[in-house]
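The file work_36.cif contains mmCIF, N, CA and C atoms:
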data_query
#
loop_
_atom_site.label_atom_id
_atom_site.label_comp_id
_atom_site.auth_asym_id
_atom_site.auth_seq_id
_atom_site.Cartn_x
_atom_site.Cartn_y
_atom_site.Cartn_z
N MET A 1 26.71 57.23 -136.12
CA MET A 1 26.74 56.17 -135.13
C MET A 1 26.57 56.78 -133.74
N CYS A 2 25.84 56.09 -132.91
CA CYS A 2 25.58 56.57 -131.56
C CYS A 2 26.74 56.19 -130.64
N GLN A 3 27.03 57.06 -129.69
CA GLN A 3 28.11 56.83 -128.75
C GLN A 3 27.56 56.21 -127.48
N THR A 4 28.34 55.32 -126.87
CA THR A 4 27.91 54.61 -125.67
C THR A 4 27.61 55.57 -124.53
N GLU A 5 28.49 56.55 -124.29
CA GLU A 5 28.29 57.49 -123.17
C GLU A 5 27.04 58.33 -123.38
N ILE A 6 26.84 58.79 -124.59
CA ILE A 6 25.66 59.60 -124.90
C ILE A 6 24.41 58.73 -124.78
N SER A 7 24.50 57.50 -125.22
CA SER A 7 23.38 56.58 -125.14
C SER A 7 22.99 56.32 -123.68
N SER A 8 23.97 56.15 -122.81
CA SER A 8 23.72 55.92 -121.39
C SER A 8 23.05 57.14 -120.76
N LEU A 9 23.54 58.31 -121.10
CA LEU A 9 22.95 59.55 -120.60
C LEU A 9 21.50 59.67 -121.06
N GLY A 10 21.26 59.38 -122.32
CA GLY A 10 19.91 59.45 -122.86
C GLY A 10 18.95 58.49 -122.17
N LYS A 11 19.43 57.30 -121.86
CA LYS A 11 18.59 56.32 -121.16
C LYS A 11 18.23 56.82 -119.77
N GLN A 12 19.19 57.43 -119.08
CA GLN A 12 18.92 57.96 -117.75
C GLN A 12 17.90 59.09 -117.80
N ILE A 13 18.02 59.95 -118.80
CA ILE A 13 17.06 61.05 -118.97
C ILE A 13 15.67 60.48 -119.26
N ALA A 14 15.59 59.50 -120.14
CA ALA A 14 14.29 58.90 -120.48
C ALA A 14 13.66 58.23 -119.27
N GLU A 15 14.45 57.52 -118.49
CA GLU A 15 13.93 56.86 -117.30
C GLU A 15 13.36 57.87 -116.30
N ARG A 16 14.10 58.95 -116.08
CA ARG A 16 13.63 59.98 -115.14
C ARG A 16 12.36 60.65 -115.65
N ARG A 17 12.33 60.93 -116.96
CA ARG A 17 11.16 61.55 -117.56
C ARG A 17 9.93 60.66 -117.36
N LYS A 18 10.11 59.37 -117.56
CA LYS A 18 9.00 58.43 -117.39
C LYS A 18 8.58 58.32 -115.93
N GLU A 19 9.55 58.34 -115.01
CA GLU A 19 9.23 58.32 -113.58
C GLU A 19 8.33 59.49 -113.20
N LEU A 20 8.59 60.64 -113.83
CA LEU A 20 7.83 61.85 -113.55
C LEU A 20 6.55 61.94 -114.38
N ASN A 21 6.33 60.92 -115.23
CA ASN A 21 5.15 60.88 -116.10
C ASN A 21 5.06 62.11 -117.00
N ILE A 22 6.19 62.43 -117.63
CA ILE A 22 6.27 63.57 -118.55
C ILE A 22 6.51 63.02 -119.95
N SER A 23 5.76 63.49 -120.91
CA SER A 23 5.98 63.07 -122.30
C SER A 23 7.21 63.78 -122.87
N GLN A 24 7.74 63.25 -123.94
CA GLN A 24 8.86 63.92 -124.59
C GLN A 24 8.46 65.32 -125.04
N ALA A 25 7.25 65.44 -125.56
CA ALA A 25 6.77 66.75 -126.01
C ALA A 25 6.70 67.75 -124.86
N ASP A 26 6.21 67.29 -123.72
CA ASP A 26 6.12 68.17 -122.55
C ASP A 26 7.51 68.56 -122.05
N LEU A 27 8.43 67.59 -122.03
CA LEU A 27 9.80 67.89 -121.61
C LEU A 27 10.43 68.92 -122.54
N ALA A 28 10.20 68.75 -123.83
CA ALA A 28 10.74 69.69 -124.80
C ALA A 28 10.21 71.10 -124.54
N GLU A 29 8.91 71.20 -124.32
CA GLU A 29 8.29 72.50 -124.08
C GLU A 29 8.80 73.12 -122.77
N MET A 30 8.83 72.33 -121.71
CA MET A 30 9.25 72.85 -120.41
C MET A 30 10.72 73.25 -120.38
N SER A 31 11.54 72.57 -121.15
CA SER A 31 12.97 72.88 -121.15
C SER A 31 13.36 73.82 -122.29
N GLU A 32 12.38 74.20 -123.09
CA GLU A 32 12.58 75.13 -124.20
C GLU A 32 13.61 74.63 -125.22
N VAL A 33 13.50 73.33 -125.53
CA VAL A 33 14.28 72.73 -126.62
C VAL A 33 13.31 72.02 -127.54
N SER A 34 13.75 71.63 -128.71
CA SER A 34 12.85 70.99 -129.66
C SER A 34 12.58 69.54 -129.27
N LEU A 35 11.44 69.05 -129.70
CA LEU A 35 11.08 67.65 -129.49
C LEU A 35 12.12 66.76 -130.16
N ARG A 36 12.57 67.17 -131.31
CA ARG A 36 13.59 66.40 -132.05
C ARG A 36 14.86 66.26 -131.21
N THR A 37 15.23 67.32 -130.50
CA THR A 37 16.41 67.28 -129.64
C THR A 37 16.22 66.30 -128.49
N VAL A 38 15.08 66.37 -127.82
CA VAL A 38 14.79 65.46 -126.72
C VAL A 38 14.83 64.02 -127.22
N ASN A 39 14.19 63.76 -128.33
CA ASN A 39 14.16 62.41 -128.90
C ASN A 39 15.58 61.95 -129.24
N GLY A 40 16.37 62.82 -129.83
CA GLY A 40 17.74 62.47 -130.19
C GLY A 40 18.61 62.17 -128.99
N ILE A 41 18.44 62.96 -127.93
CA ILE A 41 19.22 62.73 -126.70
C ILE A 41 18.83 61.40 -126.08
N GLU A 42 17.54 61.15 -125.97
CA GLU A 42 17.08 59.90 -125.36
C GLU A 42 17.48 58.68 -126.17
N SER A 43 17.57 58.82 -127.47
CA SER A 43 17.97 57.68 -128.31
C SER A 43 19.49 57.54 -128.37
N GLY A 44 20.20 58.53 -127.84
CA GLY A 44 21.66 58.47 -127.79
C GLY A 44 22.33 58.85 -129.09
N CYS A 45 21.59 59.46 -129.99
CA CYS A 45 22.15 59.80 -131.30
C CYS A 45 22.37 61.29 -131.50
N THR A 46 22.16 62.08 -130.45
CA THR A 46 22.41 63.51 -130.51
C THR A 46 23.41 63.87 -129.43
N ASN A 47 24.36 64.68 -129.77
CA ASN A 47 25.36 65.13 -128.82
C ASN A 47 24.97 66.54 -128.36
N PRO A 48 24.23 66.65 -127.24
CA PRO A 48 23.70 67.96 -126.85
C PRO A 48 24.77 68.90 -126.31
N SER A 49 24.52 70.17 -126.46
CA SER A 49 25.40 71.16 -125.83
C SER A 49 25.17 71.12 -124.33
N VAL A 50 26.10 71.64 -123.59
CA VAL A 50 25.96 71.69 -122.14
C VAL A 50 24.73 72.52 -121.77
N LYS A 51 24.52 73.60 -122.48
CA LYS A 51 23.37 74.48 -122.20
C LYS A 51 22.05 73.72 -122.35
N VAL A 52 21.91 72.97 -123.43
CA VAL A 52 20.69 72.20 -123.67
C VAL A 52 20.54 71.11 -122.62
N LEU A 53 21.62 70.42 -122.34
CA LEU A 53 21.60 69.36 -121.34
C LEU A 53 21.16 69.91 -119.98
N PHE A 54 21.70 71.03 -119.57
CA PHE A 54 21.34 71.62 -118.28
C PHE A 54 19.88 72.03 -118.22
N LYS A 55 19.34 72.53 -119.33
CA LYS A 55 17.92 72.90 -119.36
C LYS A 55 17.04 71.68 -119.10
N ILE A 56 17.38 70.58 -119.74
CA ILE A 56 16.61 69.35 -119.58
C ILE A 56 16.76 68.79 -118.17
N LEU A 57 17.99 68.75 -117.68
CA LEU A 57 18.24 68.21 -116.35
C LEU A 57 17.53 69.02 -115.27
N GLN A 58 17.46 70.33 -115.46
CA GLN A 58 16.79 71.19 -114.48
C GLN A 58 15.31 70.83 -114.38
N VAL A 59 14.67 70.63 -115.52
CA VAL A 59 13.25 70.26 -115.53
C VAL A 59 13.04 68.92 -114.83
N LEU A 60 13.98 68.00 -115.02
CA LEU A 60 13.85 66.65 -114.46
C LEU A 60 14.34 66.55 -113.02
N GLY A 61 14.87 67.64 -112.49
CA GLY A 61 15.37 67.61 -111.11
C GLY A 61 16.65 66.81 -110.97
N LEU A 62 17.44 66.77 -112.01
CA LEU A 62 18.71 66.05 -112.01
C LEU A 62 19.88 67.03 -112.06
N VAL A 63 21.05 66.57 -111.63
CA VAL A 63 22.26 67.38 -111.71
C VAL A 63 23.32 66.60 -112.47
N PHE A 64 24.21 67.32 -113.07
CA PHE A 64 25.33 66.75 -113.82
C PHE A 64 26.58 66.91 -112.97
N THR A 65 27.29 65.82 -112.75
CA THR A 65 28.50 65.90 -111.95
C THR A 65 29.68 65.34 -112.74
N LEU A 66 30.85 65.81 -112.39
CA LEU A 66 32.08 65.35 -113.02
C LEU A 66 32.89 64.55 -112.02
N LYS A 67 33.59 63.56 -112.51
CA LYS A 67 34.49 62.81 -111.65
C LYS A 67 35.74 62.47 -112.46
N GLU A 68 36.80 62.19 -111.75
CA GLU A 68 38.05 61.85 -112.40
C GLU A 68 37.91 60.50 -113.08
N ARG A 69 38.42 60.44 -114.29
CA ARG A 69 38.35 59.20 -115.04
C ARG A 69 39.33 58.18 -114.49
N VAL A 70 38.87 56.95 -114.36
CA VAL A 70 39.75 55.85 -113.95
C VAL A 70 40.53 55.41 -115.18
N ALA A 71 41.76 55.01 -115.00
CA ALA A 71 42.68 54.69 -116.09
C ALA A 71 42.09 53.76 -117.15
N HIS A 72 41.30 52.78 -116.79
CA HIS A 72 40.78 51.81 -117.75
C HIS A 72 39.50 52.24 -118.45
N GLU A 73 38.95 53.40 -118.12
CA GLU A 73 37.70 53.86 -118.74
C GLU A 73 37.96 54.45 -120.09
#
Before we go any further, please render this structure as structure tokens.
Amino acid sequence: MCQTEISSLGKQIAERRKELNISQADLAEMSEVSLRTVNGIESGCTNPSVKVLFKILQVLGLVFTLKERVAHE
């Protein structure tokens, strides 16, 4: 089963990739991860390691930030 947080992250990655007019295959090659991994992340069904996530975000010009969780989240 896909997780909501992972699914949201995947959607953001897919949107940015499309904005930059990069195919999933090209993103996989540029970030040195498999196409299957990129597809899984974008579909929200793969739980990527931090290392893999950072590789992809770097190619897309995105950063990962942490914030304190609000009590109801």
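Atom pair atom CA of A:Arg36 / atom CA of A:Asn21: separated by 18.9 Å.
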**OP:** Show which residues sit within 12 Å of stretch 43-55 of chain A, as an MDAnalysis selection string. Count only C-alpha atoms, and ignore same-chain residues fewer than 2 positions away.
**Re:** chainID A and resid 1:15 24 27:34 36:41 57:65
Subject >> Which of chain A DSSP labels alpha helix (DSSP H), written as a PyMOL selection string >> reply: chain A and resi 4-19+24-31+35-43+50-60
Please define a box with edges along x, y and z of the file around all atoms of stretch 40-54 of chain A given in the file, extend it by 6 Å on each side, and return its centre and edge lengths in Å to one decimal, as lines of an AutoDock Vina configuration file.
center_x = 21.2
center_y = 66.0
center_z = -124.9
size_x = 21.7
size_y = 28.9
size_z = 25.3
Original post:
atom CA of A:Arg69 and atom CA of A:Glu19 are how many Å apart?
Top reply: 29.2 Å
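Taking atom C of A:Glu42 as the reference point, atom C of A:Arg17 is found at 11.8 Å.
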